[in-house]
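Student: This is data_8.pdb, which holds PDB, C-alpha atoms, pLDDT in the B column:
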```
ATOM      1  CA  MET A   1       0.000   0.000   0.000  1.00 95.00           C
ATOM      2  CA  VAL A   2       3.021   2.301   0.352  1.00 98.00           C
ATOM      3  CA  ARG A   3       5.253   2.248  -2.705  1.00 98.00           C
ATOM      4  CA  ILE A   4       8.888   3.003  -1.852  1.00 98.00           C
ATOM      5  CA  GLY A   5      11.229   4.621  -4.363  1.00 98.00           C
ATOM      6  CA  ARG A   6      14.506   6.473  -4.362  1.00 97.00           C
ATOM      7  CA  HIS A   7      15.618   9.480  -6.398  1.00 96.00           C
ATOM      8  CA  ARG A   8      19.279   9.842  -5.471  1.00 96.00           C
ATOM      9  CA  ASP A   9      19.149  11.260  -1.917  1.00 97.00           C
ATOM     10  CA  VAL A  10      15.337  11.578  -1.808  1.00 98.00           C
ATOM     11  CA  LEU A  11      13.230   8.797  -0.290  1.00 98.00           C
ATOM     12  CA  ALA A  12       9.909   8.797  -2.195  1.00 98.00           C
ATOM     13  CA  LEU A  13       6.889   7.275  -0.439  1.00 98.00           C
ATOM     14  CA  THR A  14       3.673   6.925  -2.447  1.00 98.00           C
ATOM     15  CA  LEU A  15       0.316   6.005  -0.932  1.00 98.00           C
ATOM     16  CA  ASP A  16      -0.857   3.417  -3.439  1.00 98.00           C
ATOM     17  CA  ARG A  17      -4.614   2.750  -3.350  1.00 97.00           C
ATOM     18  CA  PRO A  18      -5.664   4.918  -6.282  1.00 97.00           C
ATOM     19  CA  ASP A  19      -8.994   3.109  -6.707  1.00 97.00           C
ATOM     20  CA  ARG A  20      -9.985   4.425  -3.250  1.00 96.00           C
ATOM     21  CA  LEU A  21      -8.330   7.848  -3.607  1.00 97.00           C
ATOM     22  CA  ASN A  22      -5.698   6.415  -1.261  1.00 98.00           C
ATOM     23  CA  ALA A  23      -8.087   6.050   1.653  1.00 97.00           C
ATOM     24  CA  ALA A  24      -5.718   4.813   4.347  1.00 97.00           C
ATOM     25  CA  PRO A  25      -6.325   1.671   6.386  1.00 96.00           C
ATOM     26  CA  PRO A  26      -4.213   1.366   9.534  1.00 96.00           C
ATOM     27  CA  GLU A  27      -1.828  -0.992   7.728  1.00 97.00           C
ATOM     28  CA  MET A  28      -0.908   1.775   5.270  1.00 97.00           C
ATOM     29  CA  PHE A  29       0.281   3.983   8.115  1.00 98.00           C
ATOM     30  CA  ASP A  30       2.109   1.034   9.681  1.00 97.00           C
ATOM     31  CA  GLU A  31       3.994   0.680   6.389  1.00 98.00           C
ATOM     32  CA  LEU A  32       4.639   4.420   6.344  1.00 98.00           C
ATOM     33  CA  THR A  33       6.130   4.274   9.848  1.00 98.00           C
ATOM     34  CA  ALA A  34       8.383   1.375   8.862  1.00 98.00           C
ATOM     35  CA  ALA A  35       9.564   3.146   5.712  1.00 98.00           C
ATOM     36  CA  LEU A  36      10.355   6.339   7.632  1.00 97.00           C
ATOM     37  CA  GLY A  37      12.441   4.300  10.055  1.00 95.00           C
ATOM     38  CA  ALA A  38      14.691   3.086   7.236  1.00 94.00           C
ATOM     39  CA  LEU A  39      16.032   6.258   5.605  1.00 95.00           C
ATOM     40  CA  ASP A  40      19.194   4.423   4.486  1.00 94.00           C
ATOM     41  CA  GLY A  41      21.112   7.636   3.972  1.00 94.00           C
ATOM     42  CA  ALA A  42      18.265   9.623   2.382  1.00 97.00           C
ATOM     43  CA  ARG A  43      18.546  13.335   3.047  1.00 97.00           C
ATOM     44  CA  ALA A  44      14.924  14.286   2.277  1.00 98.00           C
ATOM     45  CA  VAL A  45      11.548  12.542   2.100  1.00 98.00           C
ATOM     46  CA  LEU A  46       8.821  13.056  -0.493  1.00 98.00           C
ATOM     47  CA  ILE A  47       5.284  11.837   0.294  1.00 98.00           C
ATOM     48  CA  ALA A  48       2.698  11.638  -2.491  1.00 98.00           C
ATOM     49  CA  GLY A  49      -0.454   9.791  -3.474  1.00 98.00           C
ATOM     50  CA  ALA A  50      -0.992   7.635  -6.528  1.00 98.00           C
ATOM     51  CA  GLY A  51      -3.642   8.634  -9.045  1.00 97.00           C
ATOM     52  CA  ARG A  52      -6.145  11.478  -8.628  1.00 97.00           C
ATOM     53  CA  GLY A  53      -5.926  11.980  -4.867  1.00 98.00           C
ATOM     54  CA  PHE A  54      -3.411  12.383  -2.081  1.00 98.00           C
ATOM     55  CA  CYS A  55      -5.419  10.665   0.669  1.00 98.00           C
ATOM     56  CA  SER A  56      -9.194  10.778   1.159  1.00 97.00           C
ATOM     57  CA  GLY A  57      -8.943   9.925   4.859  1.00 97.00           C
ATOM     58  CA  ALA A  58      -8.747   6.923   7.131  1.00 96.00           C
ATOM     59  CA  ASP A  59     -10.322   3.637   6.080  1.00 94.00           C
ATOM     60  CA  VAL A  60     -11.036   1.659   9.205  1.00 85.00           C
ATOM     61  CA  ALA A  61     -14.025  -0.107   7.574  1.00 75.00           C
ATOM     62  CA  GLY A  62     -16.264   0.743  10.594  1.00 42.00           C
ATOM     63  CA  GLY A  63     -16.813  -2.446  12.520  1.00 35.00           C
ATOM     64  CA  ALA A  64     -14.285  -4.535  10.603  1.00 36.00           C
ATOM     65  CA  SER A  65     -12.166  -4.950  13.721  1.00 36.00           C
ATOM     66  CA  GLY A  66     -15.090  -6.140  15.817  1.00 34.00           C
ATOM     67  CA  ALA A  67     -16.362  -2.794  17.101  1.00 39.00           C
ATOM     68  CA  ASP A  68     -19.825  -1.548  16.151  1.00 47.00           C
ATOM     69  CA  ASP A  69     -18.996   2.093  16.821  1.00 54.00           C
ATOM     70  CA  PRO A  70     -16.747   3.660  14.129  1.00 55.00           C
ATOM     71  CA  GLY A  71     -15.515   6.157  16.709  1.00 57.00           C
ATOM     72  CA  THR A  72     -14.275   3.342  18.928  1.00 59.00           C
ATOM     73  CA  THR A  73     -12.627   1.613  15.982  1.00 85.00           C
ATOM     74  CA  ILE A  74     -10.806   4.692  14.774  1.00 86.00           C
ATOM     75  CA  GLY A  75      -9.769   5.583  18.329  1.00 90.00           C
ATOM     76  CA  ALA A  76      -7.911   2.297  18.700  1.00 92.00           C
ATOM     77  CA  ALA A  77      -6.425   2.583  15.219  1.00 95.00           C
ATOM     78  CA  LEU A  78      -5.186   6.115  15.944  1.00 96.00           C
ATOM     79  CA  THR A  79      -3.284   4.956  19.003  1.00 96.00           C
ATOM     80  CA  ARG A  80      -1.904   1.847  17.327  1.00 96.00           C
ATOM     81  CA  SER A  81      -1.167   2.951  13.747  1.00 97.00           C
ATOM     82  CA  TYR A  82      -1.935   6.504  12.666  1.00 97.00           C
ATOM     83  CA  ASN A  83      -0.409   8.452  15.551  1.00 98.00           C
ATOM     84  CA  PRO A  84       2.923   6.570  15.467  1.00 98.00           C
ATOM     85  CA  ALA A  85       3.312   7.494  11.790  1.00 98.00           C
ATOM     86  CA  MET A  86       2.632  11.175  12.509  1.00 98.00           C
ATOM     87  CA  LEU A  87       5.163  11.107  15.358  1.00 97.00           C
ATOM     88  CA  ALA A  88       7.700   9.385  13.088  1.00 98.00           C
ATOM     89  CA  ILE A  89       7.395  12.264  10.606  1.00 98.00           C
ATOM     90  CA  ALA A  90       7.856  14.835  13.367  1.00 96.00           C
ATOM     91  CA  ALA A  91      10.980  13.039  14.623  1.00 95.00           C
ATOM     92  CA  LEU A  92      12.698  12.731  11.246  1.00 96.00           C
ATOM     93  CA  PRO A  93      16.197  14.216  11.047  1.00 95.00           C
ATOM     94  CA  VAL A  94      15.606  15.261   7.413  1.00 97.00           C
ATOM     95  CA  PRO A  95      13.088  17.598   5.717  1.00 98.00           C
ATOM     96  CA  VAL A  96       9.813  16.360   4.272  1.00 98.00           C
ATOM     97  CA  VAL A  97       7.874  17.489   1.187  1.00 98.00           C
ATOM     98  CA  SER A  98       4.294  16.450   0.451  1.00 98.00           C
ATOM     99  CA  ALA A  99       2.876  16.521  -3.078  1.00 98.00           C
ATOM    100  CA  VAL A 100      -0.906  16.891  -2.995  1.00 98.00           C
ATOM    101  CA  ARG A 101      -3.406  16.543  -5.817  1.00 98.00           C
ATOM    102  CA  GLY A 102      -7.106  16.022  -5.303  1.00 98.00           C
ATOM    103  CA  PRO A 103      -8.366  15.383  -1.772  1.00 98.00           C
ATOM    104  CA  ALA A 104      -6.262  15.625   1.367  1.00 98.00           C
ATOM    105  CA  ALA A 105      -9.017  14.817   3.829  1.00 98.00           C
ATOM    106  CA  GLY A 106      -9.091  13.768   7.451  1.00 97.00           C
ATOM    107  CA  ILE A 107      -5.884  11.936   8.335  1.00 97.00           C
ATOM    108  CA  GLY A 108      -4.746  12.716   4.774  1.00 98.00           C
ATOM    109  CA  CYS A 109      -4.967  16.436   5.523  1.00 98.00           C
ATOM    110  CA  SER A 110      -2.874  15.969   8.656  1.00 98.00           C
ATOM    111  CA  LEU A 111      -0.326  13.895   6.745  1.00 98.00           C
ATOM    112  CA  ALA A 112       0.010  16.492   3.982  1.00 98.00           C
ATOM    113  CA  LEU A 113       0.433  19.369   6.423  1.00 98.00           C
ATOM    114  CA  ALA A 114       2.912  17.500   8.633  1.00 98.00           C
ATOM    115  CA  ALA A 115       5.473  18.022   5.866  1.00 98.00           C
ATOM    116  CA  ASP A 116       7.838  20.976   6.053  1.00 98.00           C
ATOM    117  CA  PHE A 117       6.736  21.964   2.546  1.00 98.00           C
ATOM    118  CA  CYS A 118       3.331  21.102   1.082  1.00 98.00           C
ATOM    119  CA  VAL A 119       3.244  21.540  -2.698  1.00 98.00           C
ATOM    120  CA  ALA A 120      -0.308  21.335  -4.028  1.00 98.00           C
ATOM    121  CA  SER A 121      -1.704  20.942  -7.508  1.00 98.00           C
ATOM    122  CA  ASP A 122      -4.478  23.269  -8.611  1.00 98.00           C
ATOM    123  CA  THR A 123      -6.860  20.305  -8.199  1.00 98.00           C
ATOM    124  CA  ALA A 124      -6.004  19.867  -4.517  1.00 98.00           C
ATOM    125  CA  TYR A 125      -8.263  20.607  -1.584  1.00 98.00           C
ATOM    126  CA  PHE A 126      -7.918  20.191   2.173  1.00 98.00           C
ATOM    127  CA  LEU A 127     -10.806  18.965   4.288  1.00 98.00           C
ATOM    128  CA  GLN A 128     -11.610  18.413   7.960  1.00 98.00           C
ATOM    129  CA  ALA A 129     -15.005  16.740   7.541  1.00 95.00           C
ATOM    130  CA  PHE A 130     -15.222  15.033  10.948  1.00 96.00           C
ATOM    131  CA  VAL A 131     -18.012  17.306  12.204  1.00 97.00           C
ATOM    132  CA  ASN A 132     -20.185  16.144   9.313  1.00 96.00           C
ATOM    133  CA  ILE A 133     -20.157  12.578  10.659  1.00 94.00           C
ATOM    134  CA  GLY A 134     -20.216  13.392  14.368  1.00 95.00           C
ATOM    135  CA  LEU A 135     -16.517  12.811  15.058  1.00 95.00           C
ATOM    136  CA  VAL A 136     -13.593  15.046  16.026  1.00 96.00           C
ATOM    137  CA  PRO A 137     -10.416  15.995  14.111  1.00 97.00           C
ATOM    138  CA  ASP A 138      -7.453  13.670  14.545  1.00 97.00           C
ATOM    139  CA  GLY A 139      -3.952  13.052  13.260  1.00 97.00           C
ATOM    140  CA  GLY A 140      -2.710  16.078  15.202  1.00 97.00           C
ATOM    141  CA  ALA A 141      -4.953  18.500  13.280  1.00 98.00           C
ATOM    142  CA  SER A 142      -6.122  20.342  16.398  1.00 97.00           C
ATOM    143  CA  TRP A 143      -2.462  21.037  17.323  1.00 96.00           C
ATOM    144  CA  MET A 144      -1.239  21.712  13.802  1.00 96.00           C
ATOM    145  CA  LEU A 145      -3.898  23.883  12.178  1.00 98.00           C
ATOM    146  CA  PRO A 146      -4.115  26.722  14.741  1.00 97.00           C
ATOM    147  CA  ARG A 147      -0.331  27.068  14.525  1.00 95.00           C
ATOM    148  CA  LEU A 148      -0.402  27.143  10.731  1.00 96.00           C
ATOM    149  CA  ILE A 149      -3.409  29.355  10.032  1.00 98.00           C
ATOM    150  CA  GLY A 150      -4.634  30.719  13.374  1.00 97.00           C
ATOM    151  CA  ARG A 151      -7.506  29.691  15.610  1.00 97.00           C
ATOM    152  CA  ALA A 152     -10.293  31.371  13.626  1.00 98.00           C
ATOM    153  CA  ARG A 153      -9.451  29.653  10.351  1.00 98.00           C
ATOM    154  CA  ALA A 154      -8.788  26.344  12.091  1.00 98.00           C
ATOM    155  CA  ALA A 155     -12.247  26.633  13.665  1.00 98.00           C
ATOM    156  CA  GLU A 156     -13.699  27.331  10.227  1.00 98.00           C
ATOM    157  CA  MET A 157     -12.185  24.164   8.840  1.00 98.00           C
ATOM    158  CA  MET A 158     -13.089  21.960  11.800  1.00 98.00           C
ATOM    159  CA  LEU A 159     -16.515  23.279  12.791  1.00 98.00           C
ATOM    160  CA  LEU A 160     -17.940  23.909   9.311  1.00 98.00           C
ATOM    161  CA  GLY A 161     -16.363  20.884   7.628  1.00 98.00           C
ATOM    162  CA  GLU A 162     -15.994  22.559   4.237  1.00 98.00           C
ATOM    163  CA  ARG A 163     -13.344  22.097   1.569  1.00 98.00           C
ATOM    164  CA  VAL A 164     -10.425  24.522   1.437  1.00 98.00           C
ATOM    165  CA  PRO A 165      -9.220  24.678  -2.196  1.00 98.00           C
ATOM    166  CA  ALA A 166      -5.502  24.891  -2.914  1.00 98.00           C
ATOM    167  CA  ALA A 167      -5.583  28.603  -3.785  1.00 98.00           C
ATOM    168  CA  LYS A 168      -7.321  29.449  -0.506  1.00 98.00           C
ATOM    169  CA  ALA A 169      -4.916  27.230   1.443  1.00 98.00           C
ATOM    170  CA  LEU A 170      -2.013  29.159  -0.104  1.00 98.00           C
ATOM    171  CA  ASP A 171      -3.626  32.500   0.714  1.00 98.00           C
ATOM    172  CA  TRP A 172      -4.049  31.346   4.329  1.00 98.00           C
ATOM    173  CA  GLY A 173      -0.384  30.358   4.560  1.00 97.00           C
ATOM    174  CA  MET A 174      -1.289  26.711   5.095  1.00 98.00           C
ATOM    175  CA  ILE A 175       0.814  25.378   2.204  1.00 98.00           C
ATOM    176  CA  HIS A 176       4.013  26.303   0.392  1.00 98.00           C
ATOM    177  CA  ARG A 177       3.070  26.475  -3.279  1.00 98.00           C
ATOM    178  CA  VAL A 178       0.331  25.760  -5.841  1.00 98.00           C
ATOM    179  CA  VAL A 179       1.364  24.442  -9.261  1.00 98.00           C
ATOM    180  CA  ALA A 180      -0.386  23.156 -12.365  1.00 98.00           C
ATOM    181  CA  ASP A 181      -1.509  19.560 -11.926  1.00 98.00           C
ATOM    182  CA  ALA A 182       0.738  18.372 -14.754  1.00 98.00           C
ATOM    183  CA  ASP A 183       3.770  19.934 -13.046  1.00 98.00           C
ATOM    184  CA  LEU A 184       3.162  18.662  -9.509  1.00 98.00           C
ATOM    185  CA  ASP A 185       5.410  15.599  -9.488  1.00 98.00           C
ATOM    186  CA  GLU A 186       8.333  17.386 -11.129  1.00 98.00           C
ATOM    187  CA  GLN A 187       8.082  20.480  -8.928  1.00 98.00           C
ATOM    188  CA  ALA A 188       7.752  18.527  -5.676  1.00 98.00           C
ATOM    189  CA  LEU A 189      10.690  16.283  -6.520  1.00 98.00           C
ATOM    190  CA  ALA A 190      12.806  19.302  -7.502  1.00 98.00           C
ATOM    191  CA  LEU A 191      12.118  20.888  -4.107  1.00 98.00           C
ATOM    192  CA  ALA A 192      12.871  17.657  -2.234  1.00 98.00           C
ATOM    193  CA  SER A 193      16.104  17.256  -4.228  1.00 98.00           C
ATOM    194  CA  ARG A 194      17.135  20.825  -3.393  1.00 98.00           C
ATOM    195  CA  LEU A 195      16.571  20.134   0.307  1.00 98.00           C
ATOM    196  CA  ALA A 196      18.479  16.845   0.061  1.00 97.00           C
ATOM    197  CA  ALA A 197      21.492  18.762  -1.258  1.00 97.00           C
ATOM    198  CA  GLY A 198      21.551  20.950   1.847  1.00 97.00           C
ATOM    199  CA  PRO A 199      23.928  20.746   4.832  1.00 97.00           C
ATOM    200  CA  ALA A 200      23.619  18.656   7.973  1.00 95.00           C
ATOM    201  CA  ALA A 201      22.233  21.801   9.602  1.00 96.00           C
ATOM    202  CA  THR A 202      19.025  21.311   7.596  1.00 96.00           C
ATOM    203  CA  GLY A 203      17.863  18.650  10.044  1.00 93.00           C
ATOM    204  CA  MET A 204      18.797  20.850  12.977  1.00 95.00           C
ATOM    205  CA  ILE A 205      16.765  23.720  11.540  1.00 97.00           C
ATOM    206  CA  ARG A 206      13.798  21.381  11.159  1.00 95.00           C
ATOM    207  CA  ARG A 207      14.098  20.212  14.768  1.00 93.00           C
ATOM    208  CA  GLN A 208      14.582  23.783  15.974  1.00 94.00           C
ATOM    209  CA  LEU A 209      11.324  24.864  14.316  1.00 94.00           C
ATOM    210  CA  HIS A 210       9.426  22.003  15.939  1.00 90.00           C
ATOM    211  CA  GLU A 211      10.929  22.592  19.378  1.00 91.00           C
ATOM    212  CA  ALA A 212      10.309  26.345  19.268  1.00 92.00           C
ATOM    213  CA  ALA A 213       6.552  25.677  19.287  1.00 88.00           C
ATOM    214  CA  THR A 214       6.818  24.417  22.866  1.00 90.00           C
ATOM    215  CA  LEU A 215       9.675  26.576  24.211  1.00 95.00           C
ATOM    216  CA  ASP A 216       9.618  30.031  25.761  1.00 96.00           C
ATOM    217  CA  TYR A 217      11.811  32.765  24.270  1.00 97.00           C
ATOM    218  CA  ALA A 218      14.788  32.073  26.552  1.00 97.00           C
ATOM    219  CA  GLY A 219      14.552  28.358  25.823  1.00 96.00           C
ATOM    220  CA  ALA A 220      14.482  28.990  22.071  1.00 96.00           C
ATOM    221  CA  LEU A 221      17.568  31.205  22.322  1.00 96.00           C
ATOM    222  CA  GLU A 222      19.452  28.502  24.218  1.00 96.00           C
ATOM    223  CA  ALA A 223      18.379  25.802  21.742  1.00 95.00           C
ATOM    224  CA  GLU A 224      19.699  27.957  18.904  1.00 96.00           C
ATOM    225  CA  ALA A 225      23.031  28.382  20.662  1.00 97.00           C
ATOM    226  CA  VAL A 226      23.375  24.619  21.212  1.00 96.00           C
ATOM    227  CA  ASN A 227      22.472  23.821  17.614  1.00 95.00           C
ATOM    228  CA  GLN A 228      24.796  26.512  16.285  1.00 96.00           C
ATOM    229  CA  ARG A 229      27.759  25.007  18.120  1.00 96.00           C
ATOM    230  CA  THR A 230      26.849  21.549  16.808  1.00 96.00           C
ATOM    231  CA  ALA A 231      26.371  22.771  13.232  1.00 97.00           C
ATOM    232  CA  ARG A 232      29.703  24.604  13.268  1.00 95.00           C
ATOM    233  CA  GLU A 233      31.482  21.367  14.177  1.00 96.00           C
ATOM    234  CA  THR A 234      30.035  19.357  11.265  1.00 96.00           C
ATOM    235  CA  ALA A 235      31.962  18.765   8.035  1.00 96.00           C
ATOM    236  CA  ASP A 236      29.283  20.770   6.222  1.00 96.00           C
ATOM    237  CA  GLY A 237      29.763  23.645   8.649  1.00 96.00           C
ATOM    238  CA  ALA A 238      33.466  23.700   7.826  1.00 96.00           C
ATOM    239  CA  GLU A 239      32.717  23.460   4.101  1.00 96.00           C
ATOM    240  CA  GLY A 240      30.231  26.320   4.298  1.00 96.00           C
ATOM    241  CA  GLY A 241      32.770  28.572   6.018  1.00 95.00           C
ATOM    242  CA  ALA A 242      35.518  27.667   3.564  1.00 96.00           C
ATOM    243  CA  ALA A 243      33.249  28.229   0.567  1.00 96.00           C
ATOM    244  CA  PHE A 244      32.275  31.662   1.900  1.00 95.00           C
ATOM    245  CA  LEU A 245      35.894  32.734   2.286  1.00 95.00           C
ATOM    246  CA  GLN A 246      36.823  31.317  -1.120  1.00 96.00           C
ATOM    247  CA  LYS A 247      33.788  32.932  -2.778  1.00 96.00           C
ATOM    248  CA  ARG A 248      32.486  29.666  -4.264  1.00 96.00           C
ATOM    249  CA  ALA A 249      29.361  27.568  -3.961  1.00 95.00           C
ATOM    250  CA  PRO A 250      29.552  25.056  -1.088  1.00 96.00           C
ATOM    251  CA  VAL A 251      29.317  21.304  -1.712  1.00 95.00           C
ATOM    252  CA  PHE A 252      27.463  19.742   1.193  1.00 96.00           C
ATOM    253  CA  ARG A 253      27.451  16.024   2.018  1.00 94.00           C
ATOM    254  CA  GLY A 254      24.900  15.979   4.817  1.00 92.00           C
ATOM    255  CA  VAL A 255      27.476  15.291   7.547  1.00 93.00           C
TER
END
```
Give the structure from the file, written as structure tokens.

Tutor:
Amino acid sequence: MVRIGRHRDVLALTLDRPDRLNAAPPEMFDELTAALGALDGARAVLIAGAGRGFCSGADVAGGASGADDPGTTIGAALTRSYNPAMLAIAALPVPVVSAVRGPAAGIGCSLALAADFCVASDTAYFLQAFVNIGLVPDGGASWMLPRLIGRARAAEMMLLGERVPAAKALDWGMIHRVVADADLDEQALALASRLAAGPAATGMIRRQLHEAATLDYAGALEAEAVNQRTARETADGAEGGAAFLQKRAPVFRGV
């Protein structure tokens, strides 16, 4: 259900249930977690969906696991499968790009927005439809969305349960870029490849951004100082300094 590919230093993970718009059973997110735990030297990750959609949401097949209440079923699946995948993305030491066409709904919306850069096709839309079926947002959406777009817009998405088209998502600052559908794969891979060519400090910057969301100002300043000392001692830190003095482009190796 998750197709694994490699483009030089980019690990490409494709949700592969196109007949269901990549609706994600728990096993798909288990596979995603396993793949993210085996970077094998990759310096960036690209997450996409096969076919016309990124991910139309969770597919727990309400009752398939022996529970009559879909809310109970999804609650167990979140703890066991979906949440570990979201935490694995947050813990990655390398940047992540998501390439979104068509629906990014429910857990698919959370997955798309967990990336450092979300590149969307002009066919993409983002949807928190839980209220329409009497459930609550999951996949970290209630933590993520207010930080991305503010409480008022997050409430609009979650309490009204309406689609947010790609252009509106860009205007809100929720995503990085909107491109023509035909250009999505090329543009997303180009961005992931650019990130993969960056220095070891790229991962530190990513971690610093995540940590700053839970630190006070003094704590953020101290974290920056610690990371700066670490970055300066890497081979890429030395290369960056040498390239600056020699007035040439640096060649980073991710170490």

Student: Determine the residue set returned by the PyMOL selection byres ((chain A and resi 92) around 10) for the present structure, and present it as a PyMOL selection string.

Tutor: chain A and resi 36-37+39+44-45+87-91+93-96+203+206-207

Student: The selected residues should be written to file as a PDB file, keeping the file's coordinate frame (atoms: C-alpha atoms).

Tutor:
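out.pdb, written as the output of this step:
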```pdb
ATOM      1  CA  LEU A  36      10.355   6.339   7.632  1.00 97.00           C
ATOM      2  CA  GLY A  37      12.441   4.300  10.055  1.00 95.00           C
ATOM      3  CA  LEU A  39      16.032   6.258   5.605  1.00 95.00           C
ATOM      4  CA  ALA A  44      14.924  14.286   2.277  1.00 98.00           C
ATOM      5  CA  VAL A  45      11.548  12.542   2.100  1.00 98.00           C
ATOM      6  CA  LEU A  87       5.163  11.107  15.358  1.00 97.00           C
ATOM      7  CA  ALA A  88       7.700   9.385  13.088  1.00 98.00           C
ATOM      8  CA  ILE A  89       7.395  12.264  10.606  1.00 98.00           C
ATOM      9  CA  ALA A  90       7.856  14.835  13.367  1.00 96.00           C
ATOM     10  CA  ALA A  91      10.980  13.039  14.623  1.00 95.00           C
ATOM     11  CA  PRO A  93      16.197  14.216  11.047  1.00 95.00           C
ATOM     12  CA  VAL A  94      15.606  15.261   7.413  1.00 97.00           C
ATOM     13  CA  PRO A  95      13.088  17.598   5.717  1.00 98.00           C
ATOM     14  CA  VAL A  96       9.813  16.360   4.272  1.00 98.00           C
ATOM     15  CA  GLY A 203      17.863  18.650  10.044  1.00 93.00           C
ATOM     16  CA  ARG A 206      13.798  21.381  11.159  1.00 95.00           C
ATOM     17  CA  ARG A 207      14.098  20.212  14.768  1.00 93.00           C
TER      18      ARG A 207
END
```

Student: Do you know which residues the PyMOL selection byres ((chain A and resi 154-167) around 8) returns on this file, as a list in words?

Tutor: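 This file gives the following for the PyMOL selection byres ((chain A and resi 154-167) around 8): Ala120, Ser121, Asp122, Thr123, Ala124, Tyr125, Phe126, Leu127, Gln128, Ala129, Phe130, Val131, Asn132, Pro137, Ser142, Leu145, Pro146, Ile149, Gly150, Arg151, Ala152, Arg153, Lys168, Ala169, Leu170, Asp171 and Val178 of chain A.
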
Student: For the selection you just gave me, I'd like the residues written to a file as a CSV table (one decimal), in the coordinates of the input, keeping C-alpha atoms.

Tutor:
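See selection.csv below for the written result:
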```
chain,number,residue,atom,x,y,z
A,120,ALA,CA,-0.3,21.3,-4.0
A,121,SER,CA,-1.7,20.9,-7.5
A,122,ASP,CA,-4.5,23.3,-8.6
A,123,THR,CA,-6.9,20.3,-8.2
A,124,ALA,CA,-6.0,19.9,-4.5
A,125,TYR,CA,-8.3,20.6,-1.6
A,126,PHE,CA,-7.9,20.2,2.2
A,127,LEU,CA,-10.8,19.0,4.3
A,128,GLN,CA,-11.6,18.4,8.0
A,129,ALA,CA,-15.0,16.7,7.5
A,130,PHE,CA,-15.2,15.0,10.9
A,131,VAL,CA,-18.0,17.3,12.2
A,132,ASN,CA,-20.2,16.1,9.3
A,137,PRO,CA,-10.4,16.0,14.1
A,142,SER,CA,-6.1,20.3,16.4
A,145,LEU,CA,-3.9,23.9,12.2
A,146,PRO,CA,-4.1,26.7,14.7
A,149,ILE,CA,-3.4,29.4,10.0
A,150,GLY,CA,-4.6,30.7,13.4
A,151,ARG,CA,-7.5,29.7,15.6
A,152,ALA,CA,-10.3,31.4,13.6
A,153,ARG,CA,-9.5,29.7,10.4
A,168,LYS,CA,-7.3,29.4,-0.5
A,169,ALA,CA,-4.9,27.2,1.4
A,170,LEU,CA,-2.0,29.2,-0.1
A,171,ASP,CA,-3.6,32.5,0.7
A,178,VAL,CA,0.3,25.8,-5.8
```

Student: What's the separation between CA of Ala112 (chain A) and CA of Thr202 (chain A), in Å to one decimal place?

Tutor: 19.9 Å

Student: Can you tell me which residues surround region 191-197 of chain A at a distance of at most 12 Å, considering all atoms listed in the file, apart from same-chain residues fewer than 5 positions away, and format the answer as a PyMOL selection string?

Tutor: chain A and resi 6-12+41-48+93-99+115-119+176-177+184-186+202-203+205-206+236+250-255

Student: CA of Phe29 (chain A) and CA of Ala77 (chain A) are how many Å apart?

Tutor: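 These two atoms are separated by 9.9 Å.
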
Student: Rounded to one decimal, what separation in Å do you get between CA of Leu215 (chain A) and CA of Gly140 (chain A)?

Tutor: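 Interatomic distance, CA of Leu215 (chain A) to CA of Gly140 (chain A): 18.6 Å.
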
Student: With distances taken over only C-alpha atoms, which residue among A:Ala38, A:Ile4, A:Ile107, A:Ala76 lies nearest Ala24 (chain A)?

Tutor: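 With only C-alpha atoms as the atom set, the closest residue is A:Ile107.
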
Student: Let me know the centre plus edge lengths, in Å and rounded to one decimal, of a box with edges along x, y and z that contains all listed atoms of region 102-111 of chain A and is padded by 8 Å on every side, as lines of an AutoDock Vina configuration file.

Tutor:
```
center_x = -4.7
center_y = 14.2
center_z = 1.7
size_x = 24.8
size_y = 20.5
size_z = 30.0
```
